[in-house]
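Engineer: Sharing a structure here in structure tokens format.
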Amino acid sequence: LAVLFPEGAEGWGAEVQRRLSAAMGRVPFVTVAAPMLLRQIDARGPADLARALGPGFALDISGSGSGAACRMDGLLFDTATGNTIWSFETPRFDPEADLAEVLRDLVVRLEPQVVRATHAALSGKALPSDPRALTMQALGTLSLKGWNRVAFSEAEALLRQAVAVDEQLPFAWAALSLITALGQEVGLAEPEPARRAEAIGYADRAVDLDGMSPMILGFEGCALCDAGQPLRGKTLLERALELDAGNPQAMAALGTQLLREGEVDRGVPLLAEAIASSARDTKLAVWRSVLAMAYLGMERLDDALEEARLAVAADDQTHLPRVVLTLVLLMTGDTSKAVAAWQDALRVTPDLVPNEMAGLIGRRGVEALSALSAE
């Protein structure tokens with residue numbers, strides 16, 4: 001990915017280029033061209049970029065205005081074809097006061113577009129000999145198809161292919177451990193001791209291969225917490241955030257584990273910050289569901305209802321937020337809407353049973369859903 005901003009166009013252009021490049025460098029397997037390198041390339045069009053950097057994508061940004069009335073607009077395009085993938089335009093802002101917030105909003109919208117474009121470029125191609133492409137395809141499957149049993153099964157199969165081709169690829173092991181562990185917590189896979197042991201083994205393998213990558217540590221920490229090793233998982237998550245304090249995935253996983261342990265005062269703000277700084281893709285359905293359950297436990301029903309509805313809107317193909325919305329609506333006394341939300345959860349996963357969600361909704365949640373199902 002190349003982030004292009006006309007040199008000298010605006011005094012804050014270099015900062016935009018630097019911050020966006022750093023943020024997009026967190027996306028797995030996305031190589032971001034250094035701004036210094038881009039300044040040395042005489043690129044008059046997409047073909048020049050493709051020759052200099054290889055196939056990929058570029059974000060071409062323009063800035064205008066001055067003082068408190070600046071704005072940016074731009075295009076994400078394929079350097080191989082020149083085709084536009086996505087465009088954006090910011091509201092007017094003051095770079096002195098608002099640039100950080102404007103860039104965060106841009107990053108959370110840009111990342112899903114890069115993942116979508118990468119997934120589309122890989123779809124339909126033979127990938128058995130390219131473990132990185134297989135891993136990217138797996139992550140794109142979850143991001144685009146939603147957190148449901150079919151997508152989890154497809155992603156797991158792709159990741160198993162990836163590690164079979166290259167046993168030295170740490171991120172593939174990391175993603176495989178996360179999917180194996182997390183699926184059992186949210187009703188996407190049958191809880192089995194053997195699968196938990198597998199998830200821990202995959203996590204060990206990833207950390208052995210690369211124990212200094214904040215992305216890998218974030219995935220492993222989350223997997224270990226879900227697989228029943230919370231102390232070790234929290235340690236890895238804290239290390240991930242020491243290496244990269246802006247890692248939303250590690251923030252969300254650590255916030256979730258703190259909530260499990262009853263540390264609401266620490267867990268809620270951390271999870272809320274992770275959501276605010278995360279890509280606007282399907283994983284927000286999971287994170288917002290966890291936050292909604294936390295608000296429900298705090299008897300902040302209005303906040304719980306808002307988060308549950310936002311979680312439902314984030315992914316049309318996962319049962320998780322619909323289950324949470326059902327519980328929130330039951331607590332507010334709106335039984336008819338609760339029944340509709342539960343039926344929508346069953347639309348996604350027809351054979352879902354409440355006990356499969358115990359890791360998230362707890363014993364009381366399971367009892368409430370069981371009673372609703374029996375009516």
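Simple scheme: letters A, B, ... for chains in structure tokens order, numbers from 1 for residues in each chain, numbers from 1 for ligands in the order shown.
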Output as CSV one row per residue of range 261-318 of chain A within 12 Å of range 97-112 of chain A: the closest atom pair and its distance in Å to one decimal place, counting only C-alpha atoms, sorted by chain and residue number ascending.

Structural biologist:
```
residue,atom,partner,partner_atom,distance
A:Glu273,CA,A:Arg104,CA,11.6
A:Ala274,CA,A:Val108,CA,11.1
A:Ile275,CA,A:Val108,CA,9.8
A:Ala276,CA,A:Val108,CA,8.5
A:Ser277,CA,A:Arg104,CA,6.5
A:Ser278,CA,A:Val108,CA,5.6
A:Ala279,CA,A:Val108,CA,3.9
A:Arg280,CA,A:Val108,CA,5.5
A:Asp281,CA,A:Pro112,CA,6.1
A:Thr282,CA,A:Pro112,CA,9.4
A:Lys283,CA,A:Pro112,CA,10.9
A:Leu284,CA,A:Val108,CA,11.2
```

Engineer: List the spatial neighbours of range 15-21 of chain A as a list of chain:residue names - criterion: any atom at most 7 Å away, only C-alpha atoms, same-chain residues fewer than 5 positions off excluded.

Structural biologist: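 Once the adjacent positions are removed, what remains is A:Val3, A:Leu4, A:Phe5, A:Val32, A:Pro35, A:Val107.
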
Engineer: Pick out each residue of range 32-172 of chain A that DSSP on the backbone tags as helix (DSSP H, G or I); I need them as a tab-separated table (two decimals) with N, CA, C and O atoms, in the first residue's frame.

Structural biologist:
```tsv
chain	number	residue	atom	x	y	z
A	35	PRO	N	7.17	6.59	3.34
A	35	PRO	CA	7.04	7.90	2.66
A	35	PRO	C	8.33	8.35	2.00
A	35	PRO	O	8.30	8.93	0.91
A	36	MET	N	9.49	8.10	2.62
A	36	MET	CA	10.76	8.51	2.03
A	36	MET	C	10.98	7.82	0.69
A	36	MET	O	11.45	8.43	-0.28
A	37	LEU	N	10.63	6.52	0.63
A	37	LEU	CA	10.77	5.78	-0.63
A	37	LEU	C	9.86	6.36	-1.70
A	37	LEU	O	10.26	6.52	-2.86
A	38	LEU	N	8.63	6.69	-1.32
A	38	LEU	CA	7.69	7.23	-2.31
A	38	LEU	C	8.17	8.55	-2.89
A	38	LEU	O	7.94	8.85	-4.06
A	39	ARG	N	8.85	9.35	-2.07
A	39	ARG	CA	9.34	10.65	-2.57
A	39	ARG	C	10.43	10.48	-3.62
A	39	ARG	O	10.72	11.41	-4.37
A	46	PRO	N	-0.57	5.13	-12.27
A	46	PRO	CA	-0.57	3.84	-11.59
A	46	PRO	C	0.48	2.87	-12.11
A	46	PRO	O	1.08	2.13	-11.33
A	47	ALA	N	0.73	2.88	-13.42
A	47	ALA	CA	1.70	1.94	-13.98
A	47	ALA	C	3.10	2.18	-13.43
A	47	ALA	O	3.86	1.23	-13.20
A	48	ASP	N	3.46	3.46	-13.22
A	48	ASP	CA	4.77	3.76	-12.64
A	48	ASP	C	4.89	3.21	-11.22
A	48	ASP	O	5.94	2.69	-10.83
A	49	LEU	N	3.81	3.35	-10.44
A	49	LEU	CA	3.83	2.81	-9.09
A	49	LEU	C	3.94	1.29	-9.10
A	49	LEU	O	4.67	0.70	-8.32
A	50	ALA	N	3.20	0.65	-10.00
A	50	ALA	CA	3.23	-0.80	-10.09
A	50	ALA	C	4.62	-1.30	-10.47
A	50	ALA	O	5.10	-2.30	-9.94
A	51	ARG	N	5.29	-0.58	-11.39
A	51	ARG	CA	6.64	-0.99	-11.77
A	51	ARG	C	7.62	-0.80	-10.63
A	51	ARG	O	8.52	-1.62	-10.41
A	52	ALA	N	7.45	0.27	-9.87
A	52	ALA	CA	8.40	0.57	-8.79
A	52	ALA	C	8.16	-0.27	-7.55
A	52	ALA	O	9.12	-0.68	-6.87
A	53	LEU	N	6.91	-0.54	-7.22
A	53	LEU	CA	6.57	-1.18	-5.95
A	53	LEU	C	5.99	-2.58	-6.10
A	53	LEU	O	5.83	-3.29	-5.11
A	95	PRO	N	-6.41	21.36	11.45
A	95	PRO	CA	-5.31	20.41	11.66
A	95	PRO	C	-4.67	20.52	13.04
A	95	PRO	O	-4.21	19.52	13.60
A	96	GLU	N	-4.65	21.71	13.60
A	96	GLU	CA	-4.03	21.88	14.91
A	96	GLU	C	-4.80	21.13	16.00
A	96	GLU	O	-4.21	20.61	16.94
A	97	ALA	N	-6.11	21.10	15.89
A	97	ALA	CA	-6.94	20.53	16.95
A	97	ALA	C	-7.56	19.19	16.59
A	97	ALA	O	-7.80	18.36	17.48
A	98	ASP	N	-7.83	18.95	15.30
A	98	ASP	CA	-8.70	17.83	14.91
A	98	ASP	C	-8.02	16.74	14.10
A	98	ASP	O	-8.66	15.74	13.79
A	99	LEU	N	-6.75	16.91	13.73
A	99	LEU	CA	-6.15	15.99	12.76
A	99	LEU	C	-6.14	14.55	13.26
A	99	LEU	O	-6.44	13.62	12.49
A	100	ALA	N	-5.81	14.34	14.53
A	100	ALA	CA	-5.75	12.96	15.05
A	100	ALA	C	-7.10	12.26	14.92
A	100	ALA	O	-7.18	11.10	14.51
A	101	GLU	N	-8.18	12.96	15.26
A	101	GLU	CA	-9.52	12.37	15.18
A	101	GLU	C	-9.93	12.12	13.73
A	101	GLU	O	-10.53	11.09	13.41
A	102	VAL	N	-9.60	13.06	12.84
A	102	VAL	CA	-9.92	12.89	11.43
A	102	VAL	C	-9.20	11.68	10.85
A	102	VAL	O	-9.79	10.88	10.10
A	103	LEU	N	-7.94	11.51	11.21
A	103	LEU	CA	-7.17	10.39	10.69
A	103	LEU	C	-7.66	9.06	11.27
A	103	LEU	O	-7.68	8.05	10.56
A	104	ARG	N	-8.05	9.04	12.52
A	104	ARG	CA	-8.58	7.80	13.08
A	104	ARG	C	-9.85	7.39	12.35
A	104	ARG	O	-10.04	6.21	12.02
A	105	ASP	N	-10.72	8.37	12.07
A	105	ASP	CA	-11.94	8.06	11.34
A	105	ASP	C	-11.64	7.56	9.94
A	105	ASP	O	-12.31	6.66	9.42
A	106	LEU	N	-10.60	8.11	9.32
A	106	LEU	CA	-10.23	7.66	7.98
A	106	LEU	C	-9.66	6.24	8.01
A	106	LEU	O	-10.01	5.41	7.18
A	107	VAL	N	-8.81	5.94	8.98
A	107	VAL	CA	-8.19	4.62	9.06
A	107	VAL	C	-9.23	3.53	9.27
A	107	VAL	O	-9.18	2.48	8.62
A	108	VAL	N	-10.19	3.76	10.16
A	108	VAL	CA	-11.18	2.71	10.46
A	108	VAL	C	-12.08	2.44	9.26
A	108	VAL	O	-12.68	1.37	9.15
A	109	ARG	N	-12.18	3.41	8.34
A	109	ARG	CA	-12.96	3.18	7.11
A	109	ARG	C	-12.09	2.63	5.98
A	109	ARG	O	-12.57	1.89	5.11
A	110	LEU	N	-10.81	3.01	5.98
A	110	LEU	CA	-9.89	2.56	4.93
A	110	LEU	C	-9.54	1.09	5.06
A	110	LEU	O	-9.52	0.35	4.07
A	111	GLU	N	-9.26	0.63	6.27
A	111	GLU	CA	-8.79	-0.75	6.46
A	111	GLU	C	-9.74	-1.79	5.88
A	111	GLU	O	-9.29	-2.70	5.16
A	112	PRO	N	-11.05	-1.73	6.13
A	112	PRO	CA	-11.93	-2.74	5.52
A	112	PRO	C	-11.91	-2.72	4.00
A	112	PRO	O	-12.10	-3.77	3.37
A	113	GLN	N	-11.68	-1.55	3.41
A	113	GLN	CA	-11.64	-1.47	1.96
A	113	GLN	C	-10.39	-2.15	1.40
A	113	GLN	O	-10.44	-2.81	0.35
A	114	VAL	N	-9.27	-2.01	2.10
A	114	VAL	CA	-8.05	-2.69	1.68
A	114	VAL	C	-8.22	-4.20	1.82
A	114	VAL	O	-7.84	-4.97	0.93
A	115	VAL	N	-8.81	-4.64	2.94
A	115	VAL	CA	-9.05	-6.08	3.14
A	115	VAL	C	-10.00	-6.61	2.07
A	115	VAL	O	-9.79	-7.69	1.50
A	116	ARG	N	-11.07	-5.85	1.79
A	116	ARG	CA	-12.04	-6.29	0.78
A	116	ARG	C	-11.39	-6.40	-0.59
A	116	ARG	O	-11.59	-7.38	-1.32
A	117	ALA	N	-10.56	-5.40	-0.95
A	117	ALA	CA	-9.91	-5.43	-2.25
A	117	ALA	C	-8.91	-6.57	-2.35
A	117	ALA	O	-8.80	-7.23	-3.40
A	118	THR	N	-8.20	-6.84	-1.27
A	118	THR	CA	-7.24	-7.95	-1.26
A	118	THR	C	-7.97	-9.28	-1.39
A	118	THR	O	-7.55	-10.17	-2.15
A	119	HIS	N	-9.06	-9.42	-0.65
A	119	HIS	CA	-9.85	-10.66	-0.71
A	119	HIS	C	-10.38	-10.88	-2.12
A	119	HIS	O	-10.33	-12.00	-2.64
A	120	ALA	N	-10.87	-9.82	-2.75
A	120	ALA	CA	-11.39	-9.93	-4.12
A	120	ALA	C	-10.29	-10.31	-5.09
A	120	ALA	O	-10.50	-11.11	-6.01
A	121	ALA	N	-9.08	-9.76	-4.90
A	121	ALA	CA	-7.98	-10.07	-5.80
A	121	ALA	C	-7.53	-11.52	-5.68
A	121	ALA	O	-7.07	-12.12	-6.66
A	122	LEU	N	-7.71	-12.11	-4.48
A	122	LEU	CA	-7.28	-13.49	-4.27
A	122	LEU	C	-8.38	-14.51	-4.58
A	122	LEU	O	-8.08	-15.68	-4.81
A	131	PRO	N	1.27	-19.55	1.29
A	131	PRO	CA	0.68	-19.54	2.63
A	131	PRO	C	0.24	-18.15	3.09
A	131	PRO	O	-0.73	-18.02	3.84
A	132	ARG	N	0.96	-17.11	2.68
A	132	ARG	CA	0.55	-15.76	3.06
A	132	ARG	C	-0.80	-15.41	2.42
A	132	ARG	O	-1.68	-14.83	3.08
A	133	ALA	N	-0.95	-15.75	1.14
A	133	ALA	CA	-2.22	-15.48	0.47
A	133	ALA	C	-3.36	-16.28	1.10
A	133	ALA	O	-4.47	-15.77	1.26
A	134	LEU	N	-3.09	-17.51	1.49
A	134	LEU	CA	-4.11	-18.33	2.15
A	134	LEU	C	-4.53	-17.70	3.47
A	134	LEU	O	-5.71	-17.65	3.82
A	135	THR	N	-3.56	-17.18	4.23
A	135	THR	CA	-3.86	-16.55	5.51
A	135	THR	C	-4.66	-15.27	5.31
A	135	THR	O	-5.63	-15.00	6.03
A	136	MET	N	-4.27	-14.46	4.33
A	136	MET	CA	-5.02	-13.24	4.03
A	136	MET	C	-6.44	-13.56	3.60
A	136	MET	O	-7.39	-12.87	3.96
A	137	GLN	N	-6.59	-14.62	2.82
A	137	GLN	CA	-7.92	-15.04	2.38
A	137	GLN	C	-8.77	-15.46	3.57
A	137	GLN	O	-9.98	-15.15	3.65
A	138	ALA	N	-8.16	-16.15	4.52
A	138	ALA	CA	-8.89	-16.58	5.72
A	138	ALA	C	-9.38	-15.38	6.52
A	138	ALA	O	-10.54	-15.32	6.95
A	139	LEU	N	-8.50	-14.41	6.75
A	139	LEU	CA	-8.88	-13.22	7.51
A	139	LEU	C	-9.94	-12.41	6.77
A	139	LEU	O	-10.86	-11.87	7.38
A	140	GLY	N	-9.80	-12.33	5.45
A	140	GLY	CA	-10.81	-11.63	4.67
A	140	GLY	C	-12.15	-12.32	4.70
A	140	GLY	O	-13.20	-11.66	4.69
A	141	THR	N	-12.15	-13.65	4.78
A	141	THR	CA	-13.40	-14.40	4.87
A	141	THR	C	-14.18	-14.00	6.11
A	141	THR	O	-15.40	-13.77	6.06
A	142	LEU	N	-13.50	-13.90	7.26
A	142	LEU	CA	-14.18	-13.50	8.49
A	142	LEU	C	-14.64	-12.05	8.42
A	142	LEU	O	-15.73	-11.71	8.87
A	143	SER	N	-13.80	-11.20	7.85
A	143	SER	CA	-14.13	-9.78	7.79
A	143	SER	C	-15.32	-9.50	6.89
A	143	SER	O	-16.15	-8.63	7.19
A	144	LEU	N	-15.43	-10.25	5.80
A	144	LEU	CA	-16.45	-9.95	4.80
A	144	LEU	C	-17.68	-10.84	4.90
A	144	LEU	O	-18.79	-10.40	4.59
A	145	LYS	N	-17.51	-12.09	5.32
A	145	LYS	CA	-18.64	-13.02	5.37
A	145	LYS	C	-19.29	-13.10	6.74
A	145	LYS	O	-20.34	-13.72	6.89
A	149	ARG	N	-20.77	-19.87	11.53
A	149	ARG	CA	-20.13	-21.18	11.48
A	149	ARG	C	-19.54	-21.51	10.12
A	149	ARG	O	-18.47	-22.12	10.02
A	150	VAL	N	-20.22	-21.11	9.06
A	150	VAL	CA	-19.71	-21.39	7.71
A	150	VAL	C	-18.41	-20.64	7.48
A	150	VAL	O	-17.41	-21.21	7.01
A	151	ALA	N	-18.39	-19.34	7.81
A	151	ALA	CA	-17.19	-18.54	7.59
A	151	ALA	C	-16.03	-19.02	8.46
A	151	ALA	O	-14.88	-19.09	8.01
A	152	PHE	N	-16.33	-19.39	9.73
A	152	PHE	CA	-15.28	-19.90	10.60
A	152	PHE	C	-14.70	-21.19	10.05
A	152	PHE	O	-13.48	-21.41	10.09
A	153	SER	N	-15.56	-22.05	9.54
A	153	SER	CA	-15.09	-23.32	8.98
A	153	SER	C	-14.21	-23.08	7.75
A	153	SER	O	-13.15	-23.70	7.59
A	154	GLU	N	-14.63	-22.16	6.88
A	154	GLU	CA	-13.84	-21.83	5.69
A	154	GLU	C	-12.49	-21.25	6.08
A	154	GLU	O	-11.44	-21.62	5.53
A	155	ALA	N	-12.50	-20.31	7.04
A	155	ALA	CA	-11.25	-19.67	7.47
A	155	ALA	C	-10.31	-20.69	8.11
A	155	ALA	O	-9.10	-20.68	7.85
A	156	GLU	N	-10.85	-21.57	8.94
A	156	GLU	CA	-10.01	-22.58	9.58
A	156	GLU	C	-9.36	-23.49	8.54
A	156	GLU	O	-8.17	-23.83	8.64
A	157	ALA	N	-10.13	-23.89	7.53
A	157	ALA	CA	-9.58	-24.76	6.48
A	157	ALA	C	-8.45	-24.06	5.73
A	157	ALA	O	-7.41	-24.68	5.44
A	158	LEU	N	-8.62	-22.78	5.43
A	158	LEU	CA	-7.57	-22.02	4.73
A	158	LEU	C	-6.31	-21.91	5.58
A	158	LEU	O	-5.19	-22.03	5.09
A	159	LEU	N	-6.49	-21.68	6.87
A	159	LEU	CA	-5.34	-21.54	7.76
A	159	LEU	C	-4.61	-22.87	7.93
A	159	LEU	O	-3.37	-22.91	8.02
A	160	ARG	N	-5.35	-23.95	7.97
A	160	ARG	CA	-4.70	-25.26	8.07
A	160	ARG	C	-3.89	-25.55	6.80
A	160	ARG	O	-2.81	-26.15	6.86
A	161	GLN	N	-4.42	-25.12	5.65
A	161	GLN	CA	-3.64	-25.25	4.41
A	161	GLN	C	-2.35	-24.43	4.50
A	161	GLN	O	-1.28	-24.87	4.08
A	162	ALA	N	-2.48	-23.22	5.05
A	162	ALA	CA	-1.33	-22.32	5.12
A	162	ALA	C	-0.20	-22.91	5.97
A	162	ALA	O	0.96	-22.90	5.56
A	163	VAL	N	-0.55	-23.44	7.15
A	163	VAL	CA	0.51	-23.98	8.02
A	163	VAL	C	1.04	-25.31	7.49
A	163	VAL	O	2.18	-25.69	7.79
A	164	ALA	N	0.24	-26.01	6.69
A	164	ALA	CA	0.73	-27.24	6.07
A	164	ALA	C	1.79	-26.92	5.01
A	164	ALA	O	2.75	-27.67	4.83
A	165	VAL	N	1.61	-25.79	4.32
A	165	VAL	CA	2.57	-25.38	3.29
A	165	VAL	C	3.83	-24.79	3.93
A	165	VAL	O	4.95	-25.04	3.48
A	170	PRO	N	4.35	-17.50	11.41
A	170	PRO	CA	3.75	-17.33	12.75
A	170	PRO	C	2.34	-16.77	12.73
A	170	PRO	O	1.51	-17.17	13.56
A	171	PHE	N	2.04	-15.87	11.80
A	171	PHE	CA	0.71	-15.27	11.84
A	171	PHE	C	-0.37	-16.29	11.50
A	171	PHE	O	-1.48	-16.20	12.01
A	172	ALA	N	-0.07	-17.25	10.63
A	172	ALA	CA	-1.06	-18.28	10.31
A	172	ALA	C	-1.36	-19.11	11.55
A	172	ALA	O	-2.53	-19.43	11.83
```

Engineer: Give me, as a ChimeraX atom specification, all polymer residues having an atom no more than 12 Å from Ala253 in chain A, counting only C-alpha atoms and skipping those fewer than 5 positions away in the same chain.

Structural biologist: /A:178,182,215,217-226,230,233-238,240-241,247-248,258-260,267-268,270-275,283,286-287,290-291

Engineer: Keeping N, CA, C and O atoms for every residue in the selection just given, could you write it to a file as a short mmCIF file (atom, residue, chain, number, x, y, z; two decimals), in the first residue's frame?

Structural biologist:
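So out_33.cif came out as:
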```cif
data_model
loop_
_atom_site.label_atom_id
_atom_site.label_comp_id
_atom_site.auth_asym_id
_atom_site.auth_seq_id
_atom_site.Cartn_x
_atom_site.Cartn_y
_atom_site.Cartn_z
N LEU A 178 -6.51 -18.48 17.42
CA LEU A 178 -7.61 -17.60 17.82
C LEU A 178 -8.96 -18.15 17.38
O LEU A 178 -9.92 -18.19 18.16
N LEU A 182 -11.68 -19.09 20.12
CA LEU A 182 -12.81 -18.17 20.21
C LEU A 182 -14.11 -18.82 19.77
O LEU A 182 -15.18 -18.54 20.34
N MET A 215 0.93 -7.79 16.79
CA MET A 215 -0.24 -8.43 16.20
C MET A 215 -0.35 -9.88 16.63
O MET A 215 -1.42 -10.36 17.01
N LEU A 217 1.12 -11.34 19.26
CA LEU A 217 0.89 -11.40 20.70
C LEU A 217 -0.57 -11.10 21.04
O LEU A 217 -1.15 -11.71 21.95
N GLY A 218 -1.17 -10.17 20.30
CA GLY A 218 -2.58 -9.86 20.53
C GLY A 218 -3.49 -11.03 20.22
O GLY A 218 -4.41 -11.34 20.99
N PHE A 219 -3.24 -11.70 19.11
CA PHE A 219 -4.03 -12.88 18.76
C PHE A 219 -3.82 -14.00 19.78
O PHE A 219 -4.79 -14.64 20.23
N GLU A 220 -2.54 -14.22 20.15
CA GLU A 220 -2.25 -15.33 21.07
C GLU A 220 -2.82 -15.06 22.45
O GLU A 220 -3.34 -15.98 23.10
N GLY A 221 -2.69 -13.83 22.92
CA GLY A 221 -3.24 -13.51 24.23
C GLY A 221 -4.74 -13.74 24.29
O GLY A 221 -5.26 -14.30 25.26
N CYS A 222 -5.43 -13.33 23.24
CA CYS A 222 -6.88 -13.55 23.17
C CYS A 222 -7.20 -15.04 23.15
O CYS A 222 -8.08 -15.51 23.88
N ALA A 223 -6.47 -15.80 22.34
CA ALA A 223 -6.72 -17.24 22.23
C ALA A 223 -6.50 -17.93 23.57
O ALA A 223 -7.30 -18.79 23.98
N LEU A 224 -5.45 -17.57 24.26
CA LEU A 224 -5.14 -18.23 25.54
C LEU A 224 -6.18 -17.89 26.60
O LEU A 224 -6.56 -18.76 27.40
N CYS A 225 -6.65 -16.65 26.62
CA CYS A 225 -7.72 -16.30 27.56
C CYS A 225 -8.97 -17.13 27.28
O CYS A 225 -9.61 -17.64 28.21
N ASP A 226 -9.32 -17.29 26.01
CA ASP A 226 -10.50 -18.07 25.64
C ASP A 226 -10.31 -19.56 25.90
O ASP A 226 -11.28 -20.29 26.13
N PRO A 230 -5.98 -17.59 31.37
CA PRO A 230 -6.11 -16.14 31.41
C PRO A 230 -4.87 -15.39 31.91
O PRO A 230 -4.57 -14.29 31.43
N GLY A 233 -2.48 -15.36 29.10
CA GLY A 233 -3.06 -14.57 28.01
C GLY A 233 -2.98 -13.09 28.28
O GLY A 233 -2.61 -12.30 27.40
N LYS A 234 -3.30 -12.68 29.51
CA LYS A 234 -3.22 -11.26 29.87
C LYS A 234 -1.79 -10.75 29.77
O LYS A 234 -1.56 -9.62 29.33
N THR A 235 -0.83 -11.57 30.15
CA THR A 235 0.57 -11.16 30.07
C THR A 235 0.96 -10.86 28.62
O THR A 235 1.62 -9.85 28.33
N LEU A 236 0.54 -11.73 27.70
CA LEU A 236 0.85 -11.50 26.28
C LEU A 236 0.13 -10.26 25.75
O LEU A 236 0.70 -9.50 24.95
N LEU A 237 -1.10 -10.05 26.17
CA LEU A 237 -1.84 -8.88 25.71
C LEU A 237 -1.20 -7.59 26.23
O LEU A 237 -1.11 -6.59 25.50
N GLU A 238 -0.76 -7.60 27.47
CA GLU A 238 -0.10 -6.42 28.02
C GLU A 238 1.22 -6.15 27.29
O GLU A 238 1.57 -5.00 27.04
N ALA A 240 1.79 -6.97 24.17
CA ALA A 240 1.40 -6.45 22.85
C ALA A 240 1.14 -4.95 22.92
O ALA A 240 1.55 -4.19 22.02
N LEU A 241 0.49 -4.50 23.98
CA LEU A 241 0.17 -3.08 24.11
C LEU A 241 1.39 -2.26 24.51
O LEU A 241 1.46 -1.06 24.20
N ASN A 247 -2.93 -0.83 19.39
CA ASN A 247 -3.40 -2.09 18.79
C ASN A 247 -4.83 -2.38 19.27
O ASN A 247 -5.03 -2.83 20.40
N PRO A 248 -5.86 -2.15 18.43
CA PRO A 248 -7.25 -2.32 18.89
C PRO A 248 -7.58 -3.75 19.28
O PRO A 248 -8.33 -3.97 20.23
N LEU A 258 -10.62 -8.60 31.32
CA LEU A 258 -10.83 -7.84 32.56
C LEU A 258 -12.30 -7.88 32.97
O LEU A 258 -12.62 -8.00 34.17
N LEU A 259 -13.19 -7.81 31.99
CA LEU A 259 -14.62 -7.90 32.31
C LEU A 259 -14.96 -9.28 32.86
O LEU A 259 -15.77 -9.40 33.79
N ARG A 260 -14.37 -10.32 32.31
CA ARG A 260 -14.59 -11.67 32.83
C ARG A 260 -14.20 -11.75 34.31
O ARG A 260 -14.81 -12.49 35.08
N GLY A 267 -12.04 -2.61 32.37
CA GLY A 267 -12.40 -3.32 31.14
C GLY A 267 -13.28 -2.51 30.21
O GLY A 267 -13.06 -2.52 28.98
N VAL A 268 -14.29 -1.81 30.73
CA VAL A 268 -15.22 -1.07 29.87
C VAL A 268 -14.52 0.02 29.08
O VAL A 268 -14.68 0.11 27.85
N LEU A 270 -11.40 0.30 28.21
CA LEU A 270 -10.45 -0.29 27.26
C LEU A 270 -11.18 -0.86 26.05
O LEU A 270 -10.76 -0.67 24.90
N LEU A 271 -12.28 -1.54 26.29
CA LEU A 271 -13.06 -2.10 25.19
C LEU A 271 -13.69 -1.00 24.35
O LEU A 271 -13.72 -1.08 23.11
N ALA A 272 -14.19 0.05 25.01
CA ALA A 272 -14.78 1.17 24.27
C ALA A 272 -13.74 1.86 23.38
O ALA A 272 -14.02 2.23 22.24
N GLU A 273 -12.50 2.00 23.88
CA GLU A 273 -11.43 2.60 23.09
C GLU A 273 -11.07 1.72 21.91
O GLU A 273 -10.82 2.20 20.80
N ALA A 274 -11.05 0.40 22.12
CA ALA A 274 -10.76 -0.53 21.03
C ALA A 274 -11.79 -0.39 19.93
O ALA A 274 -11.46 -0.38 18.73
N ILE A 275 -13.06 -0.29 20.30
CA ILE A 275 -14.13 -0.16 19.32
C ILE A 275 -13.98 1.14 18.54
O ILE A 275 -14.12 1.17 17.31
N LYS A 283 -15.92 -7.68 12.99
CA LYS A 283 -15.52 -8.00 14.36
C LYS A 283 -16.14 -7.06 15.37
O LYS A 283 -16.24 -7.40 16.56
N VAL A 286 -18.83 -8.55 17.48
CA VAL A 286 -18.41 -9.31 18.65
C VAL A 286 -18.05 -8.37 19.80
O VAL A 286 -18.51 -8.51 20.93
N TRP A 287 -17.21 -7.38 19.50
CA TRP A 287 -16.73 -6.50 20.56
C TRP A 287 -17.87 -5.67 21.17
O TRP A 287 -17.94 -5.48 22.37
N VAL A 290 -19.90 -7.83 23.54
CA VAL A 290 -19.26 -7.97 24.86
C VAL A 290 -19.50 -6.72 25.70
O VAL A 290 -19.82 -6.79 26.89
N LEU A 291 -19.36 -5.56 25.06
CA LEU A 291 -19.57 -4.31 25.79
C LEU A 291 -21.03 -4.17 26.22
O LEU A 291 -21.32 -3.71 27.34
#
```

Engineer: Identify, on the basis of only C-alpha atoms, every residue whose closest approach to Val366 in chain A does not exceed 9 Å; exclude the query and any residue fewer than 5 positions from it along the same chain; express the result as an mmCIF file with N, CA and C atoms, in the first residue's frame.

Structural biologist:
```
data_model
loop_
_atom_site.group_PDB
_atom_site.id
_atom_site.type_symbol
_atom_site.label_atom_id
_atom_site.label_comp_id
_atom_site.auth_asym_id
_atom_site.auth_seq_id
_atom_site.Cartn_x
_atom_site.Cartn_y
_atom_site.Cartn_z
ATOM 1 N N VAL A 353 -28.251 -23.453 20.407
ATOM 2 C CA VAL A 353 -28.880 -23.692 21.702
ATOM 3 C C VAL A 353 -28.232 -22.754 22.719
ATOM 4 N N PRO A 354 -29.001 -22.272 23.694
ATOM 5 C CA PRO A 354 -28.476 -21.257 24.622
ATOM 6 C C PRO A 354 -27.204 -21.659 25.339
ATOM 7 N N ASN A 355 -27.058 -22.918 25.685
ATOM 8 C CA ASN A 355 -25.901 -23.339 26.462
ATOM 9 C C ASN A 355 -24.584 -23.111 25.729
ATOM 10 N N GLU A 356 -24.635 -23.065 24.390
ATOM 11 C CA GLU A 356 -23.426 -22.835 23.611
ATOM 12 C C GLU A 356 -22.877 -21.428 23.798
ATOM 13 N N MET A 357 -23.692 -20.539 24.343
ATOM 14 C CA MET A 357 -23.285 -19.149 24.523
ATOM 15 C C MET A 357 -22.892 -18.850 25.964
ATOM 16 N N ALA A 358 -22.768 -19.876 26.785
ATOM 17 C CA ALA A 358 -22.545 -19.666 28.218
ATOM 18 C C ALA A 358 -21.291 -18.856 28.498
ATOM 19 N N ILE A 361 -22.672 -15.140 27.827
ATOM 20 C CA ILE A 361 -23.881 -14.619 28.465
ATOM 21 C C ILE A 361 -24.078 -15.125 29.887
ATOM 22 N N ALA A 371 -35.731 -20.373 28.772
ATOM 23 C CA ALA A 371 -37.144 -20.154 29.091
ATOM 24 C C ALA A 371 -37.873 -19.553 27.900
#
```
